[in-house]
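Novice: Encoded as structure tokens, here's the structure I'll be asking about.
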Amino acid sequence: MNMALTNLQKIQEAVERRPGEIDALKKNGQKVLGWIGYTLPEEIIHAAGIIPVRLGRGGDDRLVEIGSRYISTQNCVFIRATAGLFAENSDPYVQKSDGVAFDTTCMQVYRLGEVTKYYFRKKTFFLGVPRCFQTPQARQYFLMELEEFTLRLEEFSGKKIESHALAASIGLYNEIREAIKALYMHAAHDNPPVITWHEIYGVVHAGYYLDRQEYLALLKDLLHEIEELRDAGVVGKASKRVRILLSGSVIAPGDTKLIDIITGLNGNIIADDLWSGLDPYIGIDIREPTLKGIADAYMDRLLPPAIPHLDQSTDNRLHNLKDAVKESSADGVIYHSLRYCDSVTFKGLEMKEFLSHEKIPFLEIHTEYAKSDIEAIRTRSEAFIEMVKFRKQAGGRI
Amino acid sequence: MKDAVSPFRYPEDVKPLFLETEDLVFEDGTCITTEQMWDFMTKEGPARYPYAFNTQASFGGQLSGDVTFLSGIKQNYLSMTHMDRIRDMHEKGKPIVIVRGWITSEPYYAAGCISVGPPFPRGWMLQQIQGQDFRQASLRGMALLEEARQNLTIESCNLIAYLALLKRNQLPVSAIAPCICTGCSDMAYGTVACRSGPIKVPAFFLDYPVNYNHGEGRVEYLETGIRELTEKLGAVSGKTVTDEMLTAEIKRENQARRIVRECQKMWWEAKVPPTNSIDNSYVHLGSMGAFDYTVAIQLLKEYYREIGERIHNGVLGHGLSSDPARLFICGSCVHPNGAFIDKKGGVIVGKDDQWSTMTMDVKESGNPYENLARAVASHPYERPTEERAEWTAEQVKDSRADGVIFMYNWGCNYQSAVAGMITDIIKERTGLPAICIELGELTRMESLEQSQNRVEAFIEMLR
């Protein structure tokens with residue numbers, strides 16, 4: 001992290017303190033709910049007085065191997081690594097989770113939930129998610145699922161969710177979403193930025209674990225500090241490095257392979273279209289502080305990659321990516337597809353064609369957590385960055 | 001180079017027996033006489049599809065060889081001529097709709113459509129060139145698979161990959177309309193991939209709610225989904241589907257499922273297996289209806305009579321060893337090579353996915369959409385995995401299986417994910433050996449050694 005930003009250091013320290021804090025809260029009877037998914041409104045968990053923790057780690061091939069003993073080698077490496085995380089049970093947040101919630105947006109996540117329940121005897125919660133977000137019956141079904149999920153959370157916490165608590169949690173999460181978006185704006189628009197995308201990515205991941213009130217306060221302080229530094233002109237020289245937008249499969253905490261390669265090649269990641277990055281924070285507009293309001297907002301949001309949306313012209317995911325490239329002045333897109341992440345891998349060709357129409361350079365990197373493909377990825381990334389650099393120097397005429 | 005192994009042929013001395021059986025009558029009233037069927041299976045078929053008469057052990061699609069099992073010959077006739085019939089029906093205005101799996105066929109047939117599986121593009125393109133021997137057909141199939149993967153991804157299962165042939169080949173497909181469920185990971189994303197490309201085929205889904213927390217809510221959701229699916233299929237075929245039409249289709253398919261259940265019960269209880277593994281695949285007739293449920297029901301009735309006679313007379317299925325290892329197959333839409341299993345001393349007694357559909361008995365009075373939704377919502381195969389495994393363990397016991405093979409396709413995320421869990425539960429509940437086998441060669445004719453070695457070793461262990 002950029003130690004010039006004192007609030008980054010504070011966030012780092014808060015993350016280090018967090019396991020101990022959770023232990024103390026648990027001693028006072030508070031429950032911890034780990035969760036993995038794409039369409040799981042954390043607001044409800046928070047409103048139930050439960051500590052939410054977003055679980056899952058990437059980048060560790062050893063965990064992939066352990067997880068493969070319980071789930072299949074045909075599952076995506078993130079799923080396998082997370083199964084390994086449960087099997088090993090050494091991750092502090094897995095250990096501290098009194099239960100784990102899974103949604104069915106990505107059905108591999110659903111299968112992970114089933115395996116977790118059976119082999120690791122975790123208390124599990126499942127939230128059904130429709131596969132066609134736009135239909136009225138899908139909204140109705142999702143609302144029913146949320147109501148059931150809420151009832152189960154209330155049983156779990158022993159506390160009924162009051163409407164004012166739900167409204168307060170929604171307000172809190174709205175503010176967090178706005179703060180994250182503001183951070184990303186700095187990385188995408190400022191050149192040079194006071195805070196880099198890489199640092200923001202770390203801040204987003206810190207939010208998986210921290211107390212959400214404290215997290216919001218830290219985000220606000222960080223944004224304030226960035227504004228101050230920018231206003232004071234405490235920034236370096238403008239960078240001419242190739243500006244990359246990262247898209248595709250999740251790049252979970254711990255998975256630094258591709259990011260390290262790109263930055264090592266002097267590539268400048270300035271934005272992302274990742275569910276482990278900005279995506280969960282955009283496009284959510286909760287118009288009423290009720291479960292219905294949450295259900296509608298989550299059905300209207302940016303489509304998660306695992307949703308099989310059949311109409312390209314209304315796929316807000318594609319259009320969001322195109323807009324993000326333009327808004328961030330990205331020079332190219334690197335599309336990260338994890339092995340057996342079908343929801344992303346199957347769309348690789350379409351994505352390439354779609355961006356090609358927009359004259360946006362595109363490179364797909366298909367990879368897993370093993371280190372054996374590092375040099376192959378480096379060669380391909382280097383060639384791409386060189387190609388984009390020449391194109392940029394030629395004013396986009398190549 | 002021509003195939004070195006002598007091809008299979010039906011002996012002429014069976015012909016008189018076969019001619020005594022009933023002609024096949026199709027939904028549109030077309031009658032195919034036993035004489036016509038015999039001629040096809042002995043003259044036209046071998047000339048058009050030489051590879052289908054190959055008897056190499058590695059060939060997974062060969063004929064059963066049980067020349068005295070006359071219903072089996074008819075089923076072979078139906079499967080060898082199905083592309084001809086689909087072409088004829090299509091030319092007469094019936095839309096071809098690609099689906100996946102066996103969740104429900106009623107909306108498709110009630111709307112006057114023909115539902116076919118994802119490999120249909122391959123089958124259609126493969127049969128355009130006739131007279132191919134085993135090697136030629138195999139190479140052509142491989143080339144189609146390669147073309148499909150180039151247009152999709154190398155990580156697609158071999159079966160679903162063929163959907164991508166639709167992107168660049170003009171094929172007689174009016175829509176892709178699968179049920180999205182846990183049965184298949186790749187169908188949803190394969191269908192999405194078809195939304196772009198030079199050729200676009202209309203697509204819509206039936207969304208199967210996988211979470212079982214909300215019983216009645218799921219039924220309501222499915223009911224609306226089935227209603228919308230039926231309306232969209234009706235729009236494709238130009239038909240307005242009334243409640244009466246859907247109820248009539250439910251009754252027809254209920255009848256097919258009932259006969260399959262009766263056949264299977266009888267088969268499982270028989271002292272010795274009355275048919276070999278290939279001829280035991282009549283369950284297909286109940287789930288896919290041979291693209292014509294009228295003829296499928298007629299043939300199932302003949303199956304029932306003939307299996308009953310065989311059991312009464314203590315007949316052992318052709319090519320089976322005297323006490324074969326009975327294998328129950330679980331997993332994704334794939335099964336091991338029946339001819340190979342029989343040859344190695346085993347026999348297939350059942351398959352969980354199709355059998356799950358066969359357990360469906362849809363209520364025949366009242367709101368047909370609700371009735372169908374209620375039945376579909378209770379599919380054992382789609383239940384939470386622990387419940388599904390408990391159900392499967394009961395079927396394994398009922399079928400008197402000696403062992404269980406959970407087989408899944410390479411690239412199948414959802415079934416492979418729970419293969420270990422299901423086999424562990426079955427082992428615990430039944431005390432029987434169970435093995436997981438990943439199959440990489442699906443729809444290829446060659447390169448089957450890896451999976452066959454594993455199947456053979458498992459059979460040897462059971463024996």
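Following the order of the structure tokens, first chain is A, next is B, and so on, with residues numbered from 1 inside each chain and ligands from 1 in the order they appear.
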Which residues, written as a compact mmCIF listing (two decimals) with N, CA and C atoms, in the first residue's frame, have at least one atom at most 9 Å from Asn409 in chain B, with only C-alpha atoms counted and residues fewer than 4 positions away on the same chain left out?

Specialist:
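As written to disk, out.txt reads:
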```
# COMPACT_ATOMS: atom_id res chain seq x y z
N CYS B 157 -18.22 -29.05 -22.45
CA CYS B 157 -18.33 -30.51 -22.58
C CYS B 157 -18.59 -30.82 -24.05
N ASN B 158 -18.16 -31.99 -24.47
CA ASN B 158 -18.23 -32.34 -25.89
C ASN B 158 -19.66 -32.34 -26.42
N LEU B 159 -20.59 -32.57 -25.54
CA LEU B 159 -21.99 -32.66 -25.97
C LEU B 159 -22.55 -31.27 -26.26
N GLY B 331 -25.03 -39.75 -12.73
CA GLY B 331 -24.21 -38.67 -13.24
C GLY B 331 -24.86 -37.85 -14.32
N SER B 332 -24.00 -37.24 -15.15
CA SER B 332 -24.52 -36.34 -16.18
C SER B 332 -24.98 -37.15 -17.38
N CYS B 333 -25.35 -36.43 -18.44
CA CYS B 333 -26.01 -37.07 -19.58
C CYS B 333 -25.04 -37.93 -20.38
N VAL B 334 -24.60 -38.99 -19.78
CA VAL B 334 -23.63 -39.86 -20.42
C VAL B 334 -23.76 -41.23 -19.77
N ASN B 413 -19.46 -29.08 -14.88
CA ASN B 413 -19.13 -28.54 -13.56
C ASN B 413 -20.08 -29.01 -12.47
N GLN B 415 -22.39 -31.57 -12.20
CA GLN B 415 -22.49 -32.98 -11.81
C GLN B 415 -21.17 -33.47 -11.22
N SER B 416 -20.07 -33.05 -11.83
CA SER B 416 -18.77 -33.50 -11.31
C SER B 416 -18.59 -33.00 -9.87
N ILE B 437 -16.13 -41.72 -12.54
CA ILE B 437 -15.34 -41.78 -13.77
C ILE B 437 -15.64 -40.55 -14.62
N GLU B 438 -14.57 -39.87 -14.99
CA GLU B 438 -14.72 -38.72 -15.88
C GLU B 438 -14.57 -39.20 -17.32
N LEU B 439 -15.48 -38.77 -18.16
CA LEU B 439 -15.49 -39.24 -19.54
C LEU B 439 -15.09 -38.10 -20.45
N GLY B 440 -14.03 -38.30 -21.21
CA GLY B 440 -13.56 -37.22 -22.07
C GLY B 440 -13.95 -37.39 -23.52
N GLU B 441 -14.43 -38.55 -23.88
CA GLU B 441 -14.56 -38.86 -25.30
C GLU B 441 -15.98 -38.78 -25.82
N LEU B 442 -16.86 -38.20 -25.04
CA LEU B 442 -18.27 -38.21 -25.40
C LEU B 442 -18.51 -37.80 -26.85
```

Novice: With only C-alpha atoms as the counted atoms, please give the residues lying no more than 7 Å from Ile32 in chain B, apart from itself and same-chain residues fewer than 6 positions off, as an MDAnalysis selection string.

Specialist: chainID B and resid 23:25

Novice: Using only C-alpha atoms, what does the table of chain A residues within 6 Å of chain B look like, with each row giving the shortest atom pair and its distance in Å to one decimal, sorted by chain and ascending number, as a Markdown table?

Specialist:
```
| residue | atom | partner | partner_atom | distance |
| --- | --- | --- | --- | --- |
| A:Ile71 | CA | B:Ala417 | CA | 4.8 |
| A:Ser72 | CA | B:Ala417 | CA | 4.8 |
| A:Gln74 | CA | B:Asn413 | CA | 5.5 |
| A:Asn75 | CA | B:Asn413 | CA | 5.3 |
| A:Gly128 | CA | B:Asn211 | CA | 5.1 |
| A:Pro308 | CA | B:Ala188 | CA | 5.9 |
| A:Leu310 | CA | B:Val192 | CA | 5.4 |
| A:Phe346 | CA | B:Thr153 | CA | 5.8 |
```

Novice: What lies within 10 Å of Ile180 in chain A using only C-alpha atoms, ignoring chain neighbours under 3 positions off, as a list of chain:residue names?

Specialist: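 So the residues in contact are A:Glu175, A:Ile176, A:Arg177, A:Leu183, A:Tyr184, A:Met185, A:Ile200, A:Tyr201, A:Val203, A:Val204, A:Gly207, A:Leu216, A:Leu219, A:Lys220, A:Leu223, A:Gly277, A:Leu278, A:Tyr281, A:Ile282.
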
Novice: If I take CA of Phe156 in chain A and CA of Ile50 in chain A, how far is one from the other in Å, to one decimal?

Specialist: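 The value is 8.8 Å.
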
Novice: Which of these, B:Ala177, B:Ile114, B:Val14, B:Ala52, has the shortest distance to Val67 in chain B once you count only C-alpha atoms?

Specialist: B:Val14

Novice: Pull the strand (DSSP E or B) assignments for range 106-200 of chain B out of DSSP run on the backbone, and list those residues as a list of chain:residue names.

Specialist: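 Here are the strand (DSSP E or B) residues of range 106-200 of chain B: B:Ile114, B:Ser115, B:Val116, B:Ala175, B:Ile176, B:Cys179, B:Ile180.
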
Novice: Skip Val94 in chain A itself and residues of its chain fewer than 3 positions away, then list as a list in words all residues within 10 Å of it, counting only C-alpha atoms.

Specialist: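 Once the nearby chain positions are removed, what remains is Val32, Leu33, Gly34, Trp35, Val53, Arg54, Leu55, Gly56, Thr82, Leu85, Phe86, Ala87, Glu88, Asn89, Ser90, Asp91, Ser97, Asp98, Gly99, Val100 and Lys122 of chain A.
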
Novice: Report, in Å with one decimal, the straight-line distance from CA of Thr105 in chain A to CA of Thr392 in chain B.

Specialist: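 Interatomic distance, CA of Thr105 in chain A to CA of Thr392 in chain B: 26.4 Å.
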
Novice: Tell me which protein, DNA and RNA residues are within 8 Å of Ile259 in chain B, counting only C-alpha atoms, leaving out same-chain ones fewer than 3 positions away, and put them as a PyMOL selection string.

Specialist: chain B and resi 255-256+262-263+297+300-301+304

Novice: Identify, on the basis of only C-alpha atoms, every residue whose closest approach to Tyr49 in chain B does not exceed 9 Å; exclude the query and any residue fewer than 3 positions from it along the same chain; express the result as a short mmCIF file (atom, residue, chain, number, x, y, z; two decimals) with N, CA, C and O atoms, in the first residue's frame.

Specialist:
```
data_model
loop_
_atom_site.label_atom_id
_atom_site.label_comp_id
_atom_site.auth_asym_id
_atom_site.auth_seq_id
_atom_site.Cartn_x
_atom_site.Cartn_y
_atom_site.Cartn_z
N GLU B 44 -31.02 -50.89 -46.69
CA GLU B 44 -30.79 -49.45 -46.78
C GLU B 44 -29.86 -48.94 -45.66
O GLU B 44 -28.94 -48.17 -45.91
N GLY B 45 -30.16 -49.38 -44.44
CA GLY B 45 -29.37 -48.93 -43.28
C GLY B 45 -27.89 -49.23 -43.44
O GLY B 45 -27.04 -48.33 -43.33
N PRO B 46 -27.53 -50.50 -43.71
CA PRO B 46 -26.10 -50.81 -43.87
C PRO B 46 -25.44 -50.02 -44.99
O PRO B 46 -24.24 -49.73 -44.92
N ALA B 52 -22.62 -47.67 -38.43
CA ALA B 52 -23.54 -48.08 -37.37
C ALA B 52 -23.57 -49.59 -37.20
O ALA B 52 -24.03 -50.09 -36.16
N PHE B 53 -23.09 -50.31 -38.20
CA PHE B 53 -23.10 -51.78 -38.12
C PHE B 53 -21.73 -52.31 -37.74
O PHE B 53 -21.48 -53.50 -37.83
N MET B 80 -32.14 -45.25 -35.97
CA MET B 80 -31.37 -45.08 -37.20
C MET B 80 -32.09 -44.20 -38.21
O MET B 80 -31.47 -43.61 -39.09
N GLN B 127 -25.03 -36.83 -40.84
CA GLN B 127 -25.79 -37.70 -41.73
C GLN B 127 -25.99 -37.10 -43.13
O GLN B 127 -26.60 -37.72 -43.99
N GLN B 130 -23.52 -39.70 -46.50
CA GLN B 130 -23.86 -41.08 -46.17
C GLN B 130 -22.85 -42.05 -46.77
O GLN B 130 -22.03 -41.66 -47.59
N GLY B 131 -22.91 -43.28 -46.32
CA GLY B 131 -22.00 -44.30 -46.84
C GLY B 131 -20.64 -44.29 -46.16
O GLY B 131 -19.69 -44.89 -46.66
N GLN B 132 -20.53 -43.58 -45.03
CA GLN B 132 -19.23 -43.50 -44.36
C GLN B 132 -18.97 -44.73 -43.51
O GLN B 132 -19.89 -45.22 -42.83
N ASP B 133 -17.72 -45.19 -43.52
CA ASP B 133 -17.39 -46.30 -42.63
C ASP B 133 -17.05 -45.72 -41.25
O ASP B 133 -17.12 -44.50 -41.02
N PHE B 134 -16.66 -46.61 -40.36
CA PHE B 134 -16.41 -46.21 -38.97
C PHE B 134 -15.38 -45.09 -38.88
O PHE B 134 -15.59 -44.08 -38.22
N ALA B 137 -16.62 -41.71 -40.51
CA ALA B 137 -17.62 -41.04 -39.67
C ALA B 137 -16.98 -40.47 -38.42
O ALA B 137 -17.32 -39.38 -37.96
#
```

Novice: With distances taken over only C-alpha atoms, which of A:Phe125, A:Tyr110, A:Tyr298, A:Tyr369 is nearest to Arg57 in chain A?

Specialist: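 That would be A:Tyr369, the residue with the smallest distance to Arg57 in chain A.
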
Novice: Excluding same-chain residues fewer than 3 positions from range 68-73 of chain B, what lies within 9 Å of it counting only C-alpha atoms, as JSON, numbers by chain?

Specialist: {"B": [14, 17, 18, 21, 37, 38, 41, 63, 64, 65, 76, 77, 78, 275, 278, 279, 280, 282, 299, 300, 302, 303, 306, 307, 317, 318]}
